[in-house]
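Working notes, structure below.
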Amino acid sequence: MTLDDWLRAARARIDSRDAQVLAAHALGCDRAGLIARGRDSLADPARAALDHLLERRAAGEPVAYLVGRREFFGLDIAVGPGVLIPRPDTEVLVERALECIAGLPAPRVLDAGTGSGAIALAIKAQCPRARVQALDRSEAALAIARDNGQRLGLEVGWIASNWLEAVAGEEFDCVVSNPPYIRTGDPHLVQGDLRFEPSSALASGADGLDDLRILCRQAPPRLADGGWLLCEHGYDQAPAVRALMRCAGLADVASWRDIAGIERVSGGRRRGGD
C-alpha cells in the first residue's frame with residue numbers, strides 16, 4: 001500500500017484534512033512531504049502507526065490529542081487529555097486583553113484557569129513587556145503549561161490555585177479567563193471532542209455559571225484602578241455574565257463577538273478609586 005492509497009482509504013472514514021494531519025504527524029513531514037511521498041510504499045511499522053491513529057480518530061478522539069499539538073494565536077501549543085484544546089473562538093479573548101493593556105508600560109496580567117497556558121502565552125508573546133501570571137488548580141495542567149512556556153521561551157509565572165485564592169493582595173491591570181461554562185448534563189458533553197476533554201474544565205453547575213460567579217466575585221478586588229476582567233462564556237450567556245459583572249460593580253461592561261459572530265467574551269472595568 002502506498003501513502004496515497006492509505007490517504008484515500010482514510011478519507012472514507014474521517015475528514016480529509018484530519019487524515020493529512022495524522023499522516024504528516026506519523027511520518028514526520030509536512031503537507032509538501034506527503035505529496036512528495038505519495039507513491040512510496042508504506043513500511044509495515046509506518047502502516048501500523050497510521051492505522052492506529054486512524055482507528056482512534058474514527059472513534060472520535062480529537063486530532064489535537066492524537067498529535068499532541070494545536071496552533072493558537074500563531075503559537076504551537078502542546079496539549080494532552082488533562083487540558084482543554086485551544087480553539088479559534090478564544091482568540092477574541094486574547095485580542096481584547098491586548099487592547100486593554102495596549103497603553104500600559106508594564107501591564108500586569110493574570111490568566112485564571114490557564115489549562116495548557118495558551119492564553120497567557122499568547123498575551124506574553126504579543127506583549128513582551130507584560131508581567132503575566134497564570135493559575136490553575138490542576139497540577140497536571142500546570143505541568144503542560146510550564147513545559148509550553150519553556151519550549152516557546154516565554155516567561156510566565158505559573159501558580160497552583162483554586163481560582164484567585166493564591167493571589168490575594170495582588171493587583172492586576174487585566175484578569176482574563178476561559179472558565180468552565182457548560183451546563184452540567186448538557187448533551188454536548190457526550191458528543192464530539194468534548195467527550196475526551198476534562199469535564200472539570202467544561203461543566204459548571206446547572207446553568208453553567210458557577211465558576212463565572214466566582215470570578216466575578218473574586219476578581220474585582222484584585223483589579224488595579226481601571227483594570228479589566230475579561231471572561232469567555234457560552235453562546236447564550238452574554239446577558240447573564242454582563243449582569244454578574246455589573247452586580248460586582250464593574251463599569252463599561254460589554255460583550256465582544258467571535259469569528260462566528262457570537263457574543264463570546266464579556267468584560268468590565270474597575271472604576272478608579274473603587
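Quick note on naming: the chains in the C-alpha cells go A, B, ... in the order shown, residues restart at 1 in each chain, and ligands are numbered from 1 in order of appearance.
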Worksheet entry | Selection near segment 140-145 of chain A, 12 Å with only C-alpha atoms, sequence-local residues under 5 positions removed, as a PyMOL selection string | chain A and resi 68-69+76-85+111-122+133-135+150-152+154-161+198+200-201
Practice prompt. Fewer than 4 positions away in the same chain doesn't count, so skip those; otherwise give me all residues within 9 Å of Pro107 of chain A, counting only C-alpha atoms, as an MDAnalysis selection string.
Written response: chainID A and resid 101:103 127 129:132 172:174
Worksheet entry | Every residue of segment 126-259 of chain A that DSSP places in strand (DSSP E or B), as a VMD selection string | chain A and resid 131 to 136 157 to 160 172 to 177 182 203 223 to 232 251 to 257
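One distance worth recording is that between atom CA of Ile35 of chain A and atom CA of Asp4 of chain A, which is 8.4 Å.
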Item to complete: Extract, using only C-alpha atoms, all DNA, RNA and protein residues at most 10 Å from Val21 of chain A, discarding same-chain residues fewer than 6 positions from it, and format them as a PyMOL selection string.
Response: chain A and resi 29-31+34+63-64+66-67
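Of the residues under consideration (A:Ser41, A:Gln218, A:Thr2, A:Gln126), A:Gln126 shows the shortest atom-to-atom contact distance to Phe73 of chain A when counting only C-alpha atoms.
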